[in-house]
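Below: one structure, written as structure tokens.
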Amino acid sequence: MDDCKNANTGMVSRRLFMTNNSVVDMIGHLHCDVFNQEKLLLNGVEVRERLVRSRDSFALMDPTDSYSSIRIDEANLIVRKDGPGRFPEILLHLAGYVQYVLNPLQ
């Protein structure tokens, strides 16, 4: 899998696809504890997330010594908004204080 030579056919096809500095659209999930919980956030709760890039040498395999880089042109965060009407038990808990307990993923 980590072979940078021509034996890795998937890597060879991806390298040929990326030779002309082409733009690739990618989509995926953020794998963070706060996004992988079953509990919903209340309206008006401020959430700030900071995404930090890894170095290019971490994300790229290149058998030559040539410099390769990844450039992010645009990043979007897609958020799904849900109301408490779908969960009647939430309406009962809205009268009191809310505590969020986050259990880290293993």
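If you're wondering about the labels, chains in the structure tokens are A, B, ... by order shown, residues count from 1 in each chain, ligands from 1 in order shown.
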
Phe35 (chain A) surroundings by only C-alpha atoms, 12 Å radius, close-in-sequence under 3 positions cut, as a ChimeraX atom specification: /A:29-32,38-41,47,49,77-80,102-105

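We find CA of Gly28 (chain A) and CA of Leu16 (chain A) to be spaced 23.0 Å apart.
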
Pairwise distance for CA of Ser13 (chain A) and CA of Leu51 (chain A), rounded to one decimal in Å: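 Taking CA of Ser13 (chain A) as the start and CA of Leu51 (chain A) as the end point, the length is 29.1 Å.
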
CA of Asp82 (chain A) to CA of Ile27 (chain A), distance in Å rounded to a single decimal: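 These two atoms are separated by 21.4 Å.
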